[in-house]
>>> print(open('query29.txt').read())   # compact mmCIF, C-alpha atoms and all ligand atoms
# COMPACT_ATOMS: atom_id res chain seq x y z
CA MET A 370 -18.87 0.29 -2.27
CA LEU A 371 -18.72 0.77 1.48
CA THR A 372 -15.80 3.17 1.89
CA TYR A 373 -13.82 4.23 4.94
CA PHE A 374 -12.11 7.54 4.20
CA ASN A 375 -9.15 8.78 6.20
CA GLN A 376 -9.81 12.53 6.28
CA ALA A 377 -6.56 13.06 8.22
CA HIS A 378 -4.64 12.20 5.05
CA VAL A 379 -4.36 15.94 4.22
CA LEU A 380 -2.01 16.38 7.17
CA HIS A 381 0.72 14.64 5.16
CA ALA A 382 1.60 16.73 2.11
CA ALA A 383 5.24 16.45 1.03
CA PRO A 384 6.47 19.76 -0.43
CA TYR A 385 8.67 18.04 -3.00
CA GLU A 386 10.44 14.81 -3.88
CA TYR A 387 13.53 13.76 -5.78
CA PHE A 388 12.78 12.22 -9.20
CA ARG A 389 15.43 11.26 -11.74
CA GLY A 390 17.93 13.51 -10.00
CA ASP A 391 15.62 16.51 -9.94
CA LYS A 392 13.76 18.16 -7.05
CA VAL A 393 10.14 18.14 -8.26
CA VAL A 394 6.62 18.74 -6.93
CA ALA A 395 5.60 15.55 -5.12
CA PHE A 396 3.52 13.11 -7.20
CA GLU A 397 1.98 11.67 -4.03
CA LYS A 398 -0.26 14.56 -2.97
CA PRO A 399 -3.51 15.06 -1.01
CA GLU A 400 -5.59 15.74 -4.12
CA ARG A 401 -5.22 12.06 -5.07
CA ALA A 402 -7.50 10.82 -2.30
CA ASP A 403 -9.82 13.83 -2.48
CA TRP A 404 -10.46 13.25 -6.19
CA VAL A 405 -11.41 9.64 -5.49
CA ALA A 406 -13.67 10.64 -2.59
CA SER A 407 -15.46 13.20 -4.79
CA ARG A 408 -15.95 10.67 -7.55
CA LEU A 409 -17.34 8.09 -5.10
CA ARG A 410 -19.80 10.66 -3.71
CA GLU A 411 -20.91 11.65 -7.22
CA ARG A 412 -21.61 8.00 -7.94
CA GLY A 413 -23.65 7.56 -4.75
CA HIS A 414 -21.25 5.42 -2.73
CA VAL A 415 -21.46 5.59 1.07
CA ILE A 416 -18.40 7.10 2.72
CA HIS A 417 -17.69 6.71 6.45
CA SER A 418 -15.00 8.05 8.73
CA PRO A 419 -13.19 5.33 10.66
CA ASP A 420 -14.17 5.09 14.33
CA VAL A 421 -11.77 2.33 15.41
CA ASP A 422 -8.19 2.25 16.68
CA ALA A 423 -5.70 0.17 14.67
CA LEU A 424 -2.74 0.61 17.01
CA GLN A 425 -2.79 -2.94 18.35
CA VAL A 426 -2.89 -4.43 14.82
CA MET A 427 -0.15 -2.03 13.67
CA GLY A 428 1.98 -3.53 16.44
CA GLN A 429 1.41 -7.02 15.04
CA VAL A 430 2.86 -6.13 11.62
CA HIS A 431 5.42 -3.43 12.53
CA SER A 432 8.22 -3.45 15.09
CA GLU A 433 7.70 -1.58 18.31
CA ARG A 434 10.84 0.53 17.93
CA TYR A 435 9.83 1.60 14.41
CA LEU A 436 6.35 2.69 15.49
CA ARG A 437 7.83 4.53 18.45
CA PHE A 438 10.18 6.39 16.11
CA LEU A 439 7.38 7.25 13.67
CA PHE A 440 5.21 8.53 16.53
CA THR A 441 7.96 10.79 17.93
CA ALA A 442 9.97 11.64 14.80
CA TRP A 443 8.57 15.12 14.17
CA GLN A 444 8.95 16.04 17.84
CA GLN A 445 12.55 14.81 17.81
CA TRP A 446 13.31 16.70 14.61
CA THR A 447 11.84 20.04 15.69
CA ALA A 448 13.54 19.80 19.10
CA LEU A 449 16.93 19.86 17.36
CA ALA A 450 16.68 23.43 16.01
CA PRO A 451 13.94 26.10 15.94
CA GLY A 452 14.06 26.37 12.14
CA ASN A 453 13.44 22.65 11.62
CA ALA A 454 9.66 23.13 11.76
CA GLU A 455 9.93 24.74 8.31
CA LEU A 456 11.84 21.78 6.84
CA ALA A 457 11.01 18.17 5.98
CA PRO A 458 13.71 15.74 7.08
CA PHE A 459 14.80 13.50 4.19
CA PRO A 460 17.08 10.57 5.08
CA SER A 461 20.62 10.83 3.79
CA VAL A 462 22.51 7.89 5.31
CA TRP A 463 21.56 4.20 5.48
CA PRO A 464 22.92 1.08 7.24
CA VAL A 465 23.65 -0.91 4.07
CA ARG A 466 25.77 -4.08 3.93
CA THR A 467 28.50 -4.45 6.60
CA LEU A 468 26.88 -1.73 8.77
CA ARG A 469 24.83 -2.52 11.88
CA ASP A 470 21.06 -2.10 11.96
CA ASP A 471 20.43 -3.85 15.27
CA LEU A 472 21.35 -0.80 17.39
CA GLU A 473 19.26 2.34 17.28
CA PRO A 474 21.66 5.31 17.25
CA ASP A 475 20.96 8.46 19.31
CA ASN A 476 21.48 10.80 16.36
CA PHE A 477 18.21 11.74 14.62
CA THR A 478 19.61 11.61 11.08
CA ALA A 479 21.04 8.17 11.80
CA LYS A 480 17.70 6.95 13.16
CA LEU A 481 15.87 8.36 10.16
CA GLY A 482 18.18 6.40 7.84
CA LEU A 483 17.87 3.25 9.96
CA TYR A 484 14.09 3.27 9.49
CA SER A 485 14.06 4.25 5.78
CA MET A 486 14.70 2.27 2.60
CA ASP A 487 15.09 5.43 0.48
CA ASN A 488 14.48 9.20 0.56
CA GLY A 489 10.92 8.87 -0.75
CA ALA A 490 9.02 9.20 2.53
CA PRO A 491 9.75 12.57 4.16
CA ILE A 492 8.31 13.12 7.64
CA LEU A 493 6.14 16.19 8.24
CA ALA A 494 4.30 17.66 11.22
CA GLY A 495 1.12 15.70 10.45
CA THR A 496 2.61 12.48 9.09
CA TRP A 497 1.82 10.37 12.15
CA GLN A 498 -1.82 11.53 12.29
CA ALA A 499 -2.20 10.87 8.55
CA VAL A 500 -0.73 7.37 8.59
CA LYS A 501 -2.48 6.41 11.84
CA GLY A 502 -5.77 7.59 10.32
CA GLY A 503 -5.01 5.44 7.27
CA ALA A 504 -4.42 2.37 9.39
CA ASP A 505 -7.66 3.09 11.26
CA ALA A 506 -9.60 3.39 7.99
CA THR A 507 -8.10 0.12 6.75
CA HIS A 508 -8.82 -1.61 10.05
CA ALA A 509 -12.44 -0.37 9.86
CA ALA A 510 -12.84 -1.67 6.29
CA ALA A 511 -11.44 -5.07 7.26
CA LEU A 512 -13.66 -5.26 10.36
CA ALA A 513 -16.73 -4.44 8.24
CA VAL A 514 -15.93 -7.32 5.89
CA ALA A 515 -14.99 -9.69 8.72
CA HIS A 516 -18.29 -9.01 10.49
CA CYS A 517 -20.26 -9.38 7.24
CA LYS A 518 -21.51 -5.78 7.21
CA ALA A 519 -20.67 -5.88 3.50
CA PRO A 520 -19.10 -8.40 1.10
CA SER A 521 -16.43 -5.83 0.27
CA ALA A 522 -15.11 -2.51 1.53
CA PHE A 523 -12.64 0.12 0.40
CA ALA A 524 -10.04 1.86 2.55
CA LEU A 525 -9.47 5.23 0.89
CA THR A 526 -6.33 6.67 2.36
CA ARG A 527 -2.95 8.08 1.61
CA PRO A 528 0.01 8.04 1.93
CA PRO A 529 0.07 4.50 0.50
CA GLY A 530 1.50 1.55 2.42
CA HIS A 531 2.82 -1.39 0.42
CA HIS A 532 6.50 -0.35 0.39
CA ALA A 533 6.59 -0.03 4.20
CA GLY A 534 8.15 -3.06 5.89
CA ALA A 535 7.97 -4.19 9.50
CA ASP A 536 10.56 -1.62 10.51
CA PHE A 537 11.05 0.80 7.65
CA MET A 538 9.34 3.46 5.55
CA GLY A 539 10.02 4.33 1.91
CA GLY A 540 8.45 4.94 -1.49
CA TYR A 541 5.83 7.33 -0.01
CA CYS A 542 4.80 4.61 2.51
CA PHE A 543 4.99 4.56 6.32
CA VAL A 544 2.48 2.01 7.64
CA ASN A 545 1.60 -1.06 5.62
CA ASN A 546 -2.18 -0.80 5.31
CA ALA A 547 -2.56 -4.05 3.32
CA ALA A 548 -0.80 -5.87 6.16
CA VAL A 549 -3.09 -4.17 8.69
CA ALA A 550 -6.10 -5.37 6.67
CA ALA A 551 -4.82 -8.96 6.42
CA GLN A 552 -3.89 -9.14 10.09
CA THR A 553 -7.28 -7.72 11.10
CA LEU A 554 -9.07 -10.40 9.06
CA LEU A 555 -6.94 -13.11 10.72
CA ASN A 556 -7.58 -11.66 14.18
CA GLU A 557 -11.31 -11.78 13.48
CA GLY A 558 -11.31 -15.46 12.61
CA ALA A 559 -10.01 -15.93 9.07
CA GLN A 560 -7.66 -18.91 8.77
CA ARG A 561 -6.07 -17.82 5.50
CA VAL A 562 -5.94 -14.44 3.76
CA ALA A 563 -4.60 -13.71 0.28
CA ILE A 564 -3.17 -10.32 -0.64
CA LEU A 565 -3.16 -9.42 -4.33
CA ASP A 566 -0.99 -6.40 -5.13
CA VAL A 567 -1.84 -4.88 -8.53
CA ASP A 568 0.16 -1.67 -8.12
CA TYR A 569 2.76 -1.07 -10.84
CA HIS A 570 5.49 -1.31 -8.22
CA HIS A 571 6.29 -4.46 -6.28
CA GLY A 572 4.90 -4.46 -2.73
CA ASN A 573 8.23 -5.19 -1.11
CA GLY A 574 7.02 -4.20 2.35
CA THR A 575 4.04 -6.53 2.27
CA GLN A 576 6.16 -9.40 0.92
CA SER A 577 8.76 -8.98 3.64
CA ILE A 578 6.20 -8.76 6.46
CA PHE A 579 4.58 -12.09 5.51
CA TYR A 580 7.56 -13.86 3.91
CA GLU A 581 7.83 -16.52 6.61
CA ARG A 582 4.10 -17.00 7.18
CA SER A 583 1.69 -19.44 5.58
CA ASP A 584 -1.52 -17.78 6.82
CA VAL A 585 -1.07 -14.97 4.29
CA LEU A 586 -0.48 -15.66 0.59
CA PHE A 587 1.11 -12.66 -1.13
CA VAL A 588 0.75 -12.38 -4.92
CA SER A 589 2.05 -9.39 -6.86
CA ILE A 590 1.96 -8.28 -10.51
CA HIS A 591 4.47 -5.50 -11.13
CA GLY A 592 7.17 -3.95 -13.28
CA ASP A 593 10.35 -6.06 -13.41
CA PRO A 594 12.55 -4.94 -10.50
CA LEU A 595 15.64 -5.22 -12.69
CA THR A 596 14.57 -1.88 -14.15
CA GLU A 597 11.62 -0.69 -12.03
CA TYR A 598 11.29 0.61 -8.46
CA PRO A 599 11.72 -0.78 -5.76
CA PHE A 600 14.53 -2.63 -7.60
CA TYR A 601 15.79 -4.87 -4.79
CA LEU A 602 12.84 -7.24 -4.36
CA GLY A 603 10.04 -8.73 -6.48
CA HIS A 604 11.70 -11.50 -8.51
CA VAL A 605 10.09 -14.81 -9.48
CA GLU A 606 12.40 -16.92 -7.35
CA GLU A 607 11.25 -15.22 -4.13
CA THR A 608 8.67 -17.81 -3.08
CA GLY A 609 8.69 -17.52 0.71
CA GLN A 610 10.81 -18.99 3.46
CA GLY A 611 10.45 -21.46 6.34
CA GLU A 612 6.79 -21.73 7.28
CA GLY A 613 6.05 -19.32 4.42
CA ALA A 614 7.75 -21.39 1.68
CA GLY A 615 5.44 -21.48 -1.34
CA PHE A 616 3.22 -18.64 -0.12
CA ASN A 617 4.82 -15.75 -1.99
CA VAL A 618 4.21 -15.34 -5.72
CA ASN A 619 5.88 -12.64 -7.82
CA LEU A 620 4.75 -12.05 -11.39
CA PRO A 621 7.07 -9.36 -12.77
CA LEU A 622 6.45 -8.04 -16.28
CA PRO A 623 8.83 -5.95 -18.37
CA ALA A 624 8.22 -2.19 -18.44
CA GLY A 625 6.01 -1.55 -21.45
CA ALA A 626 4.24 -4.93 -21.21
CA SER A 627 0.95 -5.17 -23.14
CA VAL A 628 -2.52 -5.18 -21.59
CA GLU A 629 -2.90 -8.81 -22.78
CA ASP A 630 0.23 -9.83 -20.90
CA TRP A 631 -0.97 -8.01 -17.80
CA PHE A 632 -4.33 -9.81 -17.82
CA ALA A 633 -2.59 -13.14 -18.45
CA ALA A 634 -0.57 -12.48 -15.28
CA LEU A 635 -3.82 -11.62 -13.47
CA ASP A 636 -5.35 -14.95 -14.54
CA HIS A 637 -2.28 -16.72 -13.17
CA ALA A 638 -2.52 -14.77 -9.91
CA LEU A 639 -6.23 -15.51 -9.47
CA ALA A 640 -5.71 -19.22 -10.17
CA ARG A 641 -3.04 -19.36 -7.45
CA ILE A 642 -5.32 -17.48 -5.04
CA SER A 643 -8.18 -19.83 -5.84
CA ALA A 644 -5.99 -22.86 -5.13
CA TYR A 645 -5.07 -21.34 -1.75
CA ALA A 646 -8.81 -21.02 -0.94
CA PRO A 647 -8.50 -17.98 1.34
CA ASP A 648 -11.28 -16.89 3.66
CA ALA A 649 -10.79 -13.32 2.43
CA LEU A 650 -8.90 -11.28 -0.13
CA VAL A 651 -7.03 -8.00 0.35
CA VAL A 652 -6.36 -6.02 -2.82
CA SER A 653 -3.48 -3.55 -2.76
CA LEU A 654 -5.18 -1.30 -5.28
CA GLY A 655 -2.56 0.70 -7.13
CA LEU A 656 -3.84 2.51 -10.21
CA ASP A 657 -0.42 3.35 -11.65
CA THR A 658 -0.78 0.53 -14.20
CA PHE A 659 -2.76 3.10 -16.22
CA ALA A 660 -1.27 4.00 -19.62
CA GLY A 661 -1.27 7.69 -18.70
CA ASP A 662 0.50 7.35 -15.36
CA PRO A 663 3.47 9.75 -15.17
CA ILE A 664 5.87 7.45 -13.30
CA SER A 665 4.96 3.96 -14.55
CA LYS A 666 5.11 1.96 -17.79
CA PHE A 667 2.13 -0.37 -18.19
CA ALA A 668 -0.71 0.27 -20.61
CA LEU A 669 -4.10 -0.31 -18.97
CA GLN A 670 -6.98 1.84 -20.28
CA PRO A 671 -10.00 3.08 -18.24
CA ASP A 672 -12.21 0.15 -19.35
CA ASP A 673 -9.51 -2.30 -18.29
CA PHE A 674 -10.01 -1.22 -14.68
CA SER A 675 -13.68 -2.25 -14.92
CA ILE A 676 -12.55 -5.62 -16.29
CA LEU A 677 -10.11 -5.94 -13.37
CA GLY A 678 -12.98 -5.34 -10.92
CA ARG A 679 -15.15 -7.94 -12.66
CA ARG A 680 -12.38 -10.55 -12.65
CA LEU A 681 -11.72 -9.97 -8.95
CA ALA A 682 -15.43 -10.43 -8.18
CA LYS A 683 -15.36 -13.82 -9.87
CA THR A 684 -13.05 -15.09 -7.11
CA GLU A 685 -16.17 -14.85 -4.88
CA ARG A 686 -14.11 -13.84 -1.86
CA SER A 687 -14.92 -11.26 0.79
CA SER A 688 -12.60 -8.46 -0.25
CA VAL A 689 -10.94 -5.43 1.27
CA PHE A 690 -9.58 -2.91 -1.21
CA VAL A 691 -6.73 -0.70 -0.01
CA PHE A 692 -5.76 2.42 -1.98
CA GLU A 693 -2.08 2.40 -2.99
CA GLY A 694 -0.36 4.27 -5.88
CA GLY A 695 -1.64 6.00 -9.02
CA TYR A 696 -0.57 9.47 -10.08
CA ALA A 697 -2.46 10.35 -13.27
CA CYS A 698 -4.46 13.41 -12.15
CA VAL A 699 -7.38 13.32 -14.57
CA HIS A 700 -8.04 9.59 -14.66
CA LEU A 701 -7.05 8.41 -11.19
CA ALA A 702 -10.50 8.81 -9.62
CA SER A 703 -12.48 7.27 -12.47
CA ASN A 704 -10.07 4.34 -12.83
CA THR A 705 -10.35 3.62 -9.10
CA VAL A 706 -14.13 3.74 -9.14
CA ASN A 707 -14.19 1.59 -12.30
CA VAL A 708 -12.48 -1.22 -10.37
CA LEU A 709 -14.81 -0.93 -7.37
CA GLU A 710 -17.99 -0.72 -9.48
CA GLY A 711 -16.84 -3.51 -11.79
CA PHE A 712 -16.44 -5.65 -8.69
CA GLU A 713 -19.76 -4.70 -7.08
CA LEU A 714 -21.87 -4.91 -10.23
CA THR A 715 -20.57 -8.42 -10.91
CA LEU A 716 -21.64 -9.51 -7.43
CA LEU A 717 -25.22 -8.28 -7.93
ZN ZN B 1 3.12 2.23 -7.42
>>> encode(input="query29.txt", output="structure tokens", more="lines below")
Ligand SMILES: [Zn+2]
Amino acid sequence: MLTYFNQAHVLHAAPYEYFRGDKVVAFEKPERADWVASRLRERGHVIHSPDVDALQVMGQVHSERYLRFLFTAWQQWTALAPGNAELAPFPSVWPVRTLRDDLEPDNFTAKLGLYSMDNGAPILAGTWQAVKGGADATHAAALAVAHCKAPSAFALTRPPGHHAGADFMGGYCFVNNAAVAAQTLLNEGAQRVAILDVDYHHGNGTQSIFYERSDVLFVSIHGDPLTEYPFYLGHVEETGQGEGAGFNVNLPLPAGASVEDWFAALDHALARISAYAPDALVVSLGLDTFAGDPISKFALQPDDFSILGRRLAKTERSSVFVFEGGYACVHLASNTVNVLEGFELTLL
């Protein structure tokens, strides 16, 4: 599949994260994307570097003050103390209920909390370059599909994006690449775009960005937020609001759900997408539904990812695949390529 690879992704490599109360080696690491790139090359897929600038589209799906903060955050942090260059700032205070989030404080720690949903997206020296490169790769993939260079394209980038909202980062995510893809397709002439999020975790950022819009249908299959991250969004009754009423579909499944139940949810999702009749499809391609994933609890096997690709191809929509989560070292690359090849081979 035509792939746009964000080589700048290596500039964002979190030294550690907090998991179940412990400080552990980060699951979201540069090797993830490099493994997939190697596998794609081995299999003869064409890989390009993005040569476009997504900044204008990023501004359509993210707030200006958030992007300004992200762009200057490392500079602000290192200006505070000489030793800060050796540290990654993790947020530690948040404007939860009763506190104000309309004013941007002067204090760096306060700003960091204002623009974060959790402590899962530490900022590093190269974070901006990495996430900007990811948005550029996604923009390039969407432009290629919009201009009929290919019926489908893959944006291979990290850190992932689907937890990032219009004005916040979190859950490893900074810029919402799926939203960048959808907005690019709309800018290039699509009337309606569907986003299908198959990551184990609900795409809360993507849902919130498009919640009041009818030109983007968001459909997500994910672990039940009552027990699974991101916990505070992703329930069935969240169906959209205002202009967007009826254009948000959540299909949560209990942790430990069977493969059969997962594919039944996929059938439901694809039927809803078909009824919407979008001009193009964006797939938030998380691979953490794999049985061997270290932080998730679904049970898909390697062959199931090929089946997923084949089912997606049957929608007969121009499609942009955006790399999201997936943390099983050995199988991540082959599972990813199984989806993409299952899709492409069905189209032939
Ligand atoms: Zn995930």
>>> closest_residue(input="query29.txt", among="A:Leu716, A:Ala406, A:Val651, A:Ala382", to="Ser703 of chain A", atoms="all atoms listed in the file")
A:Ala406
>>> residues_around(input="query29.txt", residues="Ala402 of chain A", least_positions_apart="4", cutoff="9 Å", atoms="all atoms listed in the file", output="ChimeraX atom specification")
/A:374-375,378-379,398,406-407,525-527,692,702
>>> atom_distance(input="query29.txt", atom1="atom CA of Gly695 of chain A", atom2="atom CA of Asp662 of chain A")
6.8 Å
>>> residues_around(input="query29.txt", residues="segment 499-516 of chain A", least_positions_apart="6", cutoff="6 Å", atoms="all atoms listed in the file", output="list in words")
Tyr373, Asn375, Ala377, His378, Leu380, His381, Pro419, Val421, Asp422, Ala423, Ala522, Ala524, Thr526, Asn546, Ala550 and Leu554 of chain A
>>> residues_near_ligand(input="query29.txt", ligand="ligand ZN 1 (chain B)", cutoff="12 Å", atoms="all atoms listed in the file", output="VMD selection string")
chain A and resid 396 to 397 528 to 532 539 to 542 566 to 573 589 to 592 597 to 599 653 to 659 662 to 667 692 to 697
>>> atom_distance(input="query29.txt", atom1="atom CA of Arg641 of chain A", atom2="atom CA of Val544 of chain A")
26.7 Å
>>> residues_around(input="query29.txt", residues="segment 603-611 of chain A", least_positions_apart="2", cutoff="9 Å", atoms="only C-alpha atoms", output="number ranges by chain")
A: 570-573, 576, 579-583, 589, 591-595, 599-601, 613-621
